[in-house]
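Shown here: data.cif, mmCIF, C-alpha atoms.
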```
data_input
loop_
_atom_site.group_PDB
_atom_site.id
_atom_site.type_symbol
_atom_site.label_atom_id
_atom_site.label_comp_id
_atom_site.auth_asym_id
_atom_site.auth_seq_id
_atom_site.Cartn_x
_atom_site.Cartn_y
_atom_site.Cartn_z
ATOM 1 C CA MET A 198 27.627 0.571 20.393
ATOM 2 C CA GLU A 199 23.972 1.484 20.791
ATOM 3 C CA ILE A 200 20.924 2.082 18.688
ATOM 4 C CA THR A 201 17.540 3.678 19.340
ATOM 5 C CA THR A 202 14.334 1.721 18.819
ATOM 6 C CA ARG A 203 13.305 4.082 16.012
ATOM 7 C CA SER A 204 16.628 3.543 14.249
ATOM 8 C CA LEU A 205 16.226 -0.185 14.687
ATOM 9 C CA TRP A 206 12.784 -0.106 13.067
ATOM 10 C CA THR A 207 14.196 2.002 10.237
ATOM 11 C CA LEU A 208 16.883 -0.633 9.731
ATOM 12 C CA ILE A 209 14.355 -3.476 9.787
ATOM 13 C CA HIS A 210 12.162 -1.629 7.284
ATOM 14 C CA GLY A 211 14.908 -0.479 4.920
ATOM 15 C CA MET A 212 17.714 -3.002 5.197
ATOM 16 C CA GLY A 213 15.642 -5.974 6.294
ATOM 17 C CA PHE A 214 12.549 -5.869 4.122
ATOM 18 C CA GLY A 215 13.275 -3.233 1.465
ATOM 19 C CA ALA A 216 16.856 -4.085 0.506
ATOM 20 C CA LEU A 217 16.141 -7.814 0.546
ATOM 21 C CA TYR A 218 13.180 -7.220 -1.754
ATOM 22 C CA LEU A 219 15.306 -5.170 -4.159
ATOM 23 C CA MET A 220 17.946 -7.886 -4.281
ATOM 24 C CA ALA A 221 15.322 -10.570 -4.873
ATOM 25 C CA CYS A 222 13.737 -8.672 -7.801
ATOM 26 C CA SER A 223 16.520 -9.377 -10.285
ATOM 27 C CA GLY A 224 16.342 -13.092 -9.469
ATOM 28 C CA ALA A 225 12.583 -13.137 -10.055
ATOM 29 C CA ILE A 226 12.889 -11.339 -13.395
ATOM 30 C CA VAL A 227 15.624 -13.683 -14.651
ATOM 31 C CA GLU A 228 13.845 -16.835 -13.452
ATOM 32 C CA LEU A 229 10.447 -15.828 -14.847
ATOM 33 C CA TYR A 230 12.010 -15.119 -18.204
ATOM 34 C CA ARG A 231 14.352 -18.116 -18.321
ATOM 35 C CA ARG A 232 11.954 -20.802 -17.110
ATOM 36 C CA TYR A 233 8.933 -19.847 -19.119
ATOM 37 C CA CYS A 234 10.676 -18.560 -22.252
ATOM 38 C CA THR A 235 9.151 -20.187 -25.344
ATOM 39 C CA HIS A 236 12.657 -20.665 -26.834
ATOM 40 C CA ASN A 237 13.690 -22.825 -23.888
ATOM 41 C CA PRO A 238 12.823 -26.444 -24.795
ATOM 42 C CA ALA A 239 13.397 -27.727 -21.234
ATOM 43 C CA GLN A 240 10.314 -28.017 -19.033
ATOM 44 C CA PRO A 241 10.830 -26.712 -15.508
ATOM 45 C CA THR A 242 10.679 -29.551 -12.998
ATOM 46 C CA GLU A 243 8.053 -29.574 -10.258
ATOM 47 C CA ARG A 244 10.771 -28.859 -7.721
ATOM 48 C CA ASP A 245 11.927 -25.863 -9.782
ATOM 49 C CA GLU A 246 8.390 -24.594 -9.934
ATOM 50 C CA ALA A 247 7.799 -25.057 -6.233
ATOM 51 C CA SER A 248 10.967 -23.106 -5.428
ATOM 52 C CA LEU A 249 9.922 -20.199 -7.678
ATOM 53 C CA ARG A 250 6.488 -20.146 -6.057
ATOM 54 C CA VAL A 251 8.039 -19.987 -2.587
ATOM 55 C CA TYR A 252 10.531 -17.358 -3.786
ATOM 56 C CA LEU A 253 7.767 -15.108 -5.143
ATOM 57 C CA ALA A 254 5.596 -15.640 -2.058
ATOM 58 C CA ILE A 255 8.516 -14.560 0.158
ATOM 59 C CA MET A 256 9.065 -11.525 -2.089
ATOM 60 C CA ALA A 257 5.384 -10.597 -1.755
ATOM 61 C CA ALA A 258 5.632 -10.930 2.035
ATOM 62 C CA LEU A 259 8.754 -8.731 2.065
ATOM 63 C CA ALA A 260 7.064 -6.081 -0.081
ATOM 64 C CA TRP A 261 3.986 -5.969 2.171
ATOM 65 C CA LEU A 262 6.103 -5.877 5.323
ATOM 66 C CA ALA A 263 8.254 -3.060 3.910
ATOM 67 C CA ALA A 264 5.206 -0.997 2.899
ATOM 68 C CA ILE A 265 3.300 -1.591 6.143
ATOM 69 C CA THR A 266 6.219 -0.957 8.530
ATOM 70 C CA GLY A 267 7.164 2.127 6.529
ATOM 71 C CA SER A 268 3.668 3.607 6.491
ATOM 72 C CA TYR A 269 2.399 2.616 9.929
ATOM 73 C CA ILE A 270 5.487 2.472 12.149
ATOM 74 C CA ILE A 271 8.162 4.812 10.756
ATOM 75 C CA TYR A 272 6.123 7.397 8.834
ATOM 76 C CA PRO A 273 4.165 8.540 11.937
ATOM 77 C CA TRP A 274 7.523 9.267 13.654
ATOM 78 C CA TYR A 275 8.719 11.064 10.531
ATOM 79 C CA ARG A 276 5.654 13.324 10.217
ATOM 80 C CA ALA A 277 5.114 13.989 13.945
ATOM 81 C CA LYS A 278 4.352 17.674 14.537
ATOM 82 C CA PRO A 279 6.664 19.519 16.954
ATOM 83 C CA PRO A 280 5.049 21.372 19.882
ATOM 84 C CA ALA A 281 4.762 25.136 19.408
ATOM 85 C CA GLY A 282 7.998 26.931 20.155
ATOM 86 C CA THR A 283 10.269 23.944 19.455
ATOM 87 C CA THR A 284 13.588 25.167 18.086
ATOM 88 C CA ASP A 285 15.491 21.877 17.933
ATOM 89 C CA LEU A 286 13.754 19.931 15.149
ATOM 90 C CA THR A 287 16.047 16.884 15.090
ATOM 91 C CA ALA A 288 13.273 14.675 16.532
ATOM 92 C CA TYR A 289 10.837 15.901 13.836
ATOM 93 C CA PRO A 290 12.399 14.921 10.471
ATOM 94 C CA ARG A 291 9.638 16.278 8.227
ATOM 95 C CA TYR A 292 9.776 19.709 9.832
ATOM 96 C CA LEU A 293 13.560 19.655 9.958
ATOM 97 C CA LEU A 294 13.716 19.089 6.203
ATOM 98 C CA LEU A 295 11.096 21.736 5.462
ATOM 99 C CA SER A 296 12.904 24.298 7.637
ATOM 100 C CA SER A 297 15.639 24.805 5.045
ATOM 101 C CA PRO A 298 15.414 25.493 1.293
ATOM 102 C CA HIS A 299 18.459 23.237 0.896
ATOM 103 C CA THR A 300 16.597 20.190 2.208
ATOM 104 C CA SER A 301 12.873 20.870 1.675
ATOM 105 C CA ALA A 302 12.782 19.063 -1.694
ATOM 106 C CA TRP A 303 13.847 15.849 0.039
ATOM 107 C CA HIS A 304 10.430 15.961 1.653
ATOM 108 C CA ASN A 305 8.388 17.650 -1.083
ATOM 109 C CA ILE A 306 9.623 15.328 -3.815
ATOM 110 C CA GLY A 307 11.384 12.451 -2.054
ATOM 111 C CA MET A 308 9.009 11.521 0.753
ATOM 112 C CA GLU A 309 5.868 12.584 -1.120
ATOM 113 C CA TRP A 310 6.826 10.264 -3.979
ATOM 114 C CA LYS A 311 8.183 7.424 -1.849
ATOM 115 C CA GLU A 312 5.180 7.156 0.450
ATOM 116 C CA TYR A 313 2.842 6.323 -2.431
ATOM 117 C CA ILE A 314 4.938 4.631 -5.106
ATOM 118 C CA ALA A 315 6.238 2.089 -2.579
ATOM 119 C CA TRP A 316 2.747 0.538 -2.426
ATOM 120 C CA ILE A 317 2.878 -0.414 -6.116
ATOM 121 C CA ALA A 318 5.565 -3.014 -5.316
ATOM 122 C CA PRO A 319 3.366 -5.283 -3.133
ATOM 123 C CA ILE A 320 0.449 -5.017 -5.568
ATOM 124 C CA ALA A 321 2.621 -5.971 -8.559
ATOM 125 C CA ILE A 322 4.573 -8.780 -6.901
ATOM 126 C CA THR A 323 1.484 -10.317 -5.278
ATOM 127 C CA MET A 324 -0.133 -10.469 -8.712
ATOM 128 C CA ALA A 325 3.036 -12.074 -10.153
ATOM 129 C CA ALA A 326 3.153 -14.636 -7.339
ATOM 130 C CA VAL A 327 -0.507 -15.581 -7.804
ATOM 131 C CA VAL A 328 -0.156 -15.912 -11.595
ATOM 132 C CA VAL A 329 2.877 -18.197 -11.198
ATOM 133 C CA LEU A 330 1.010 -20.168 -8.540
ATOM 134 C CA GLN A 331 -1.995 -20.583 -10.849
ATOM 135 C CA TYR A 332 -0.206 -21.252 -14.115
ATOM 136 C CA GLY A 333 3.161 -22.743 -13.239
ATOM 137 C CA ARG A 334 4.759 -24.283 -16.336
ATOM 138 C CA ARG A 335 1.622 -23.449 -18.332
ATOM 139 C CA LEU A 336 2.945 -19.874 -18.510
ATOM 140 C CA LYS A 337 4.941 -21.182 -21.459
ATOM 141 C CA ASP A 338 1.654 -21.431 -23.338
ATOM 142 C CA HIS A 339 0.896 -17.759 -22.604
ATOM 143 C CA PRO A 340 3.974 -15.726 -23.590
ATOM 144 C CA ALA A 341 2.058 -12.426 -23.616
ATOM 145 C CA LEU A 342 0.837 -13.050 -20.070
ATOM 146 C CA ARG A 343 4.343 -13.982 -18.952
ATOM 147 C CA ASN A 344 5.820 -10.852 -20.552
ATOM 148 C CA THR A 345 3.218 -8.638 -18.887
ATOM 149 C CA VAL A 346 3.912 -10.243 -15.504
ATOM 150 C CA VAL A 347 7.644 -9.621 -16.008
ATOM 151 C CA CYS A 348 6.856 -5.945 -16.834
ATOM 152 C CA PHE A 349 4.980 -5.671 -13.534
ATOM 153 C CA VAL A 350 7.951 -7.150 -11.680
ATOM 154 C CA TRP A 351 10.191 -4.565 -13.395
ATOM 155 C CA ALA A 352 7.753 -1.861 -12.261
ATOM 156 C CA SER A 353 7.885 -3.196 -8.714
ATOM 157 C CA LEU A 354 11.682 -3.052 -8.869
ATOM 158 C CA LEU A 355 11.482 0.576 -10.019
ATOM 159 C CA ALA A 356 8.937 1.434 -7.311
ATOM 160 C CA ALA A 357 10.990 -0.244 -4.592
ATOM 161 C CA GLY A 358 14.153 1.374 -5.988
ATOM 162 C CA VAL A 359 12.633 4.867 -5.788
ATOM 163 C CA ALA A 360 11.391 4.155 -2.267
ATOM 164 C CA GLY A 361 14.754 2.715 -1.233
ATOM 165 C CA PHE A 362 16.808 5.562 -2.706
ATOM 166 C CA PHE A 363 14.718 8.304 -1.129
ATOM 167 C CA GLY A 364 14.450 6.350 2.112
ATOM 168 C CA ALA A 365 18.234 6.252 2.364
ATOM 169 C CA MET A 366 18.643 9.932 1.424
ATOM 170 C CA LEU A 367 15.902 11.075 3.796
ATOM 171 C CA ASN A 368 17.468 9.112 6.607
ATOM 172 C CA LYS A 369 20.825 10.675 5.787
ATOM 173 C CA ASN A 370 19.455 14.238 5.829
ATOM 174 C CA ALA A 371 16.964 13.887 8.667
ATOM 175 C CA PRO A 372 17.208 10.532 10.453
ATOM 176 C CA VAL A 373 14.256 9.144 12.342
ATOM 177 C CA GLU A 374 15.686 8.968 15.847
ATOM 178 C CA GLY A 375 14.343 8.559 19.342
ATOM 179 C CA GLY A 376 12.723 6.056 21.629
ATOM 180 C CA ASP A 377 14.542 3.751 23.989
ATOM 181 C CA THR A 378 18.246 3.177 23.544
ATOM 182 C CA ILE A 379 19.396 -0.402 23.038
ATOM 183 C CA HIS A 380 22.979 -1.104 24.104
ATOM 184 C CA ILE A 381 24.500 -3.634 21.711
ATOM 185 C CA VAL A 382 28.150 -3.689 22.782
ATOM 186 C CA ARG A 383 29.793 -1.711 25.564
ATOM 187 C CA GLY A 384 33.086 -0.331 24.255
ATOM 188 C CA GLU A 385 36.243 0.832 25.979
ATOM 189 C CA THR A 386 37.513 4.394 26.202
ATOM 190 C CA LYS A 387 41.166 5.155 25.482
ATOM 191 C CA MET B 869 5.940 -35.518 -15.832
ATOM 192 C CA ASN B 870 5.747 -33.051 -18.688
ATOM 193 C CA THR B 871 2.045 -33.233 -19.288
ATOM 194 C CA THR B 872 -0.053 -30.321 -18.065
ATOM 195 C CA THR B 873 -3.687 -29.490 -18.618
ATOM 196 C CA SER B 874 -4.214 -26.223 -20.434
ATOM 197 C CA LEU B 875 -5.498 -23.229 -18.533
ATOM 198 C CA PRO B 876 -7.252 -20.358 -20.319
ATOM 199 C CA ASN B 877 -5.742 -16.889 -20.089
ATOM 200 C CA GLY B 878 -8.813 -15.402 -18.348
ATOM 201 C CA PRO B 879 -7.639 -15.771 -14.723
ATOM 202 C CA GLY B 880 -4.186 -14.403 -15.610
ATOM 203 C CA ALA B 881 -5.741 -11.484 -17.498
ATOM 204 C CA ALA B 882 -7.984 -10.766 -14.505
ATOM 205 C CA ALA B 883 -4.971 -10.678 -12.142
ATOM 206 C CA VAL B 884 -2.939 -8.446 -14.475
ATOM 207 C CA LEU B 885 -5.727 -5.975 -15.240
ATOM 208 C CA ALA B 886 -6.731 -5.745 -11.572
ATOM 209 C CA ALA B 887 -3.114 -4.931 -10.624
ATOM 210 C CA GLY B 888 -3.148 -2.170 -13.262
ATOM 211 C CA ILE B 889 -6.447 -0.826 -11.923
ATOM 212 C CA GLY B 890 -5.127 -0.922 -8.342
ATOM 213 C CA SER B 891 -1.949 0.927 -9.291
ATOM 214 C CA PHE B 892 -3.912 3.574 -11.163
ATOM 215 C CA ALA B 893 -6.337 3.939 -8.241
ATOM 216 C CA LEU B 894 -3.365 4.509 -5.935
ATOM 217 C CA GLY B 895 -1.957 7.287 -8.122
ATOM 218 C CA LEU B 896 -5.336 8.898 -8.711
ATOM 219 C CA LEU B 897 -6.314 8.859 -5.036
ATOM 220 C CA ALA B 898 -2.901 10.268 -4.076
ATOM 221 C CA VAL B 899 -3.467 13.223 -6.416
ATOM 222 C CA LEU B 900 -7.075 13.739 -5.281
ATOM 223 C CA ALA B 901 -6.085 13.622 -1.610
ATOM 224 C CA ASP B 902 -3.392 16.188 -2.324
ATOM 225 C CA LYS B 903 -5.635 18.566 -4.300
ATOM 226 C CA ILE B 904 -9.043 18.366 -2.650
ATOM 227 C CA THR B 905 -9.316 19.190 1.047
ATOM 228 C CA TRP B 906 -12.421 17.149 1.829
ATOM 229 C CA ILE B 907 -10.977 14.053 0.161
ATOM 230 C CA LYS B 908 -7.784 14.581 2.141
ATOM 231 C CA SER B 909 -9.743 14.603 5.414
ATOM 232 C CA CYS B 910 -11.841 11.598 4.303
ATOM 233 C CA MET B 911 -8.629 9.666 3.644
ATOM 234 C CA ASN B 912 -7.362 10.259 7.157
ATOM 235 C CA PHE B 913 -8.202 6.738 8.375
ATOM 236 C CA SER B 914 -5.410 6.755 10.947
ATOM 237 C CA ASN B 915 -4.250 10.007 12.551
ATOM 238 C CA PRO B 916 -0.558 9.104 12.979
ATOM 239 C CA THR B 917 -0.221 8.093 9.308
ATOM 240 C CA GLY B 918 -2.606 10.718 7.906
ATOM 241 C CA PRO B 919 -4.183 10.597 4.418
ATOM 242 C CA LEU B 920 -1.650 7.976 3.289
ATOM 243 C CA SER B 921 -3.592 5.432 5.353
ATOM 244 C CA GLY B 922 -6.853 6.050 3.494
ATOM 245 C CA VAL B 923 -5.301 6.343 0.044
ATOM 246 C CA THR B 924 -3.476 3.027 0.320
ATOM 247 C CA THR B 925 -6.382 1.209 2.012
ATOM 248 C CA CYS B 926 -8.848 2.386 -0.656
ATOM 249 C CA ALA B 927 -6.433 1.536 -3.489
ATOM 250 C CA ILE B 928 -5.969 -1.977 -2.102
ATOM 251 C CA PHE B 929 -9.725 -2.348 -1.772
ATOM 252 C CA VAL B 930 -10.215 -1.221 -5.408
ATOM 253 C CA TRP B 931 -7.490 -3.649 -6.552
ATOM 254 C CA LEU B 932 -8.956 -6.642 -4.693
ATOM 255 C CA ALA B 933 -12.538 -5.816 -5.672
ATOM 256 C CA ALA B 934 -11.548 -5.443 -9.335
ATOM 257 C CA TRP B 935 -9.653 -8.729 -9.141
ATOM 258 C CA ALA B 936 -12.610 -10.571 -7.609
ATOM 259 C CA ILE B 937 -15.069 -9.201 -10.197
ATOM 260 C CA LEU B 938 -12.797 -9.872 -13.185
ATOM 261 C CA GLN B 939 -11.922 -13.324 -11.871
ATOM 262 C CA MET B 940 -15.614 -14.195 -11.667
ATOM 263 C CA ARG B 941 -16.249 -12.931 -15.191
ATOM 264 C CA TRP B 942 -13.188 -14.431 -16.892
ATOM 265 C CA ARG B 943 -12.692 -17.708 -15.025
ATOM 266 C CA GLY B 944 -12.442 -20.530 -17.546
ATOM 267 C CA ARG B 945 -12.488 -18.131 -20.513
ATOM 268 C CA GLU B 946 -10.049 -17.114 -23.226
ATOM 269 C CA VAL B 947 -9.914 -13.329 -23.513
ATOM 270 C CA ARG B 948 -8.155 -10.860 -25.838
ATOM 271 C CA PHE B 949 -5.000 -10.640 -23.801
ATOM 272 C CA ALA B 950 -3.098 -8.260 -26.095
ATOM 273 C CA PHE B 951 -5.588 -5.480 -25.410
ATOM 274 C CA ILE B 952 -6.041 -6.321 -21.720
ATOM 275 C CA GLY B 953 -2.300 -6.611 -21.064
ATOM 276 C CA ALA B 954 -1.611 -3.310 -22.837
ATOM 277 C CA THR B 955 -4.406 -1.607 -20.855
ATOM 278 C CA ALA B 956 -2.977 -2.975 -17.598
ATOM 279 C CA LEU B 957 0.498 -1.676 -18.429
ATOM 280 C CA VAL B 958 -0.845 1.764 -19.383
ATOM 281 C CA LEU B 959 -2.775 1.926 -16.090
ATOM 282 C CA LEU B 960 0.341 0.851 -14.194
ATOM 283 C CA ALA B 961 2.453 3.518 -15.909
ATOM 284 C CA LEU B 962 -0.186 6.205 -15.260
ATOM 285 C CA GLY B 963 -0.440 5.137 -11.626
ATOM 286 C CA MET B 964 3.312 5.412 -11.185
ATOM 287 C CA LEU B 965 3.446 8.787 -12.946
ATOM 288 C CA LEU B 966 0.611 10.188 -10.830
ATOM 289 C CA THR B 967 2.564 9.428 -7.652
ATOM 290 C CA PHE B 968 5.419 11.680 -8.875
ATOM 291 C CA PRO B 969 4.779 15.007 -7.091
ATOM 292 C CA PRO B 970 6.118 17.466 -9.730
ATOM 293 C CA LEU B 971 3.874 15.844 -12.339
ATOM 294 C CA ALA B 972 0.874 15.690 -10.018
ATOM 295 C CA ASP B 973 1.388 19.408 -9.242
ATOM 296 C CA LEU B 974 0.865 20.215 -12.927
ATOM 297 C CA LEU B 975 -2.658 18.757 -12.873
#
```

Could the structure of this file be written out as structure tokens, please?
Amino acid sequence: MEITTRSLWTLIHGMGFGALYLMACSGAIVELYRRYCTHNPAQPTERDEASLRVYLAIMAALAWLAAITGSYIIYPWYRAKPPAGTTDLTAYPRYLLLSSPHTSAWHNIGMEWKEYIAWIAPIAITMAAVVVLQYGRRLKDHPALRNTVVCFVWASLLAAGVAGFFGAMLNKNAPVEGGDTIHIVRGETK
Amino acid sequence: MNTTTSLPNGPGAAAVLAAGIGSFALGLLAVLADKITWIKSCMNFSNPTGPLSGVTTCAIFVWLAAWAILQMRWRGREVRFAFIGATALVLLALGMLLTFPPLADLL
């Protein structure tokens, strides 16, 4: 069992930061709505509030890490230009996808959309985290503000979902491979 | 302890509107970098990442600058949140739409 360093980074970016962020989004939406809903007579406790603040801060960190590793570590490998005369494009995913009409839209729509929309997630969730940090239980007094913050978290879920879906499909059609090989487990041949 | 001091909606409105402005700036810059060659080359802050590096850096700068300015203006104030919140959501939606390549190609 072995993995290349580029595959490992892709895993860290997609499964580590991105997928964890996507999973955390639903929790944030439910908690923001439930805790600060004007129909809920119970006041959130300080401990409850502290946990939501930490939760949102971790989400913001995950979103930034996903966007930064994607754009500055994996994307340069993805868009690397092959030397003239290269016929085997497997190490050049962008050019591999564009070489066939059956796969070119994965780049022209998928990657072109993913590379930008993914950055809306950290902007939206950082804003949500700061608002919750500032207002805490006082968000109950500002239902319109709370609803708008929840809309931004929904938008960040959509943005991260688009990025995650196309990331998975791009990696399926033209995986980012290469670099050193890391041996995880040495198997037996039969 | 259930008692809390009230906090005006100004700082929250500043954060929300700035996030909308930042999202819109991202979409707009993405389209401009795609359509206009000199903007594309200006946005090439880092060669390995290409114009994406400049577009995202500039959008983040716009977002943070807008946030700082609005925060200074609205700190300690009550503002018309209905209008500001709606504007922020429209900007967010436009920003997201502008990042969608088939739509951006129509412009």

Applied to this file, what does the PyMOL selection byres ((chain A and resi 262-279) around 7) return in terms of residues, put as a list of chain:residue names?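 Expected selection for the PyMOL selection byres ((chain A and resi 262-279) around 7) here is A:Thr207, A:His210, A:Phe214, A:Gly215, A:Ala258, A:Leu259, A:Ala260, A:Trp261, A:Pro280, A:Ala281, A:Thr283, A:Tyr289, A:Pro290, A:Arg291, A:Ala315, A:Trp316, A:Val373, B:Pro916, B:Thr917.
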
Using CA of Arg383 in chain A and CA of Arg203 in chain A as the two end points, give the distance in Å to one decimal. 19.9 Å

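Within 6 Å of chain A, and counting all atoms listed in the file, chain B contributes B:Gly880, B:Ala883, B:Ser891, B:Pro916, B:Thr917, B:Thr967, B:Phe968, B:Pro969.
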
Closest to Phe951 in chain B among B:Ala936, B:Leu897, B:Val884, B:Cys926, using all atoms listed in the file? B:Val884

Between CA of Glu246 in chain A and CA of Arg945 in chain B - distance in Å to one decimal: 24.3 Å

Just the number, please: distance in Å from CA of Ala933 in chain B to CA of Thr905 in chain B, one decimal.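 Computing the Euclidean distance for CA of Ala933 in chain B and CA of Thr905 in chain B yields 26.1 Å.
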
Using the chain letters and numbers from the file, which residues does the PyMOL selection byres ((chain B and resi 911) around 12) grab, as number ranges by chain? B: 897-902, 904-910, 912-915, 917-927

Which residues would end up in the selection if the PyMOL selection byres ((chain B and resi 975) around 10) were applied here, given that I need the answer as a ChimeraX atom specification? /B:899,903,966,970-974

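Minimum atom-to-atom distances from A:Lys337, A:Trp303, A:Leu219, A:Ala257 to Pro238 in chain A were compared using only C-alpha atoms, and the lowest value belongs to A:Lys337.
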
Please list as a list in words every residue within 9 Å of Ala881 in chain B, counting only C-alpha atoms and excluding residues in the same chain fewer than 5 positions away. Leu342 of chain A; Ala886, Leu938, Gln939, Trp942, Val947, Arg948, Phe949, Ile952, Gly953 and Ala956 of chain B

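Using all atoms listed in the file, the shortest contact distance between Ala887 in chain B and any of B:Glu946, B:Leu960, B:Arg941, B:Thr955 is found at B:Leu960.
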
Neighbourhood query: residues within 12 Å of (15.5, -12.8, -12.6), file coordinates, counting all atoms listed in the file; return as a PyMOL selection string. chain A and resi 219-233+249+252-253+347-348+350-351+354

With a distance cut-off of 9 Å and all atoms listed in the file, select the neighbouring residues of Gly384 in chain A, excluding the residue or stretch itself and same-chain residues fewer than 2 positions from it, and output the selection as a PyMOL selection string. chain A and resi 198+382+386

Within 9 Å of (18.4, 5.6, 16.6), all atoms listed in the file: residues as a count of residues only? 17

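Compared by their closest atoms to Ala950 in chain B, and using all atoms listed in the file, the residues A:Ala365, A:Pro340, A:Leu217, A:Glu385 rank with A:Pro340 nearest.
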
Please return the centre and edge lengths, in Å to one decimal, of a box with edges along x, y and z that contains all listed atoms of range 934-939 of chain B, widened by 4 Å on every side, as AutoDock Vina command-line options.
```
--center_x -12.4 --center_y -9.4 --center_z -10.4 --size_x 13.4 --size_y 15.9 --size_z 13.6
```
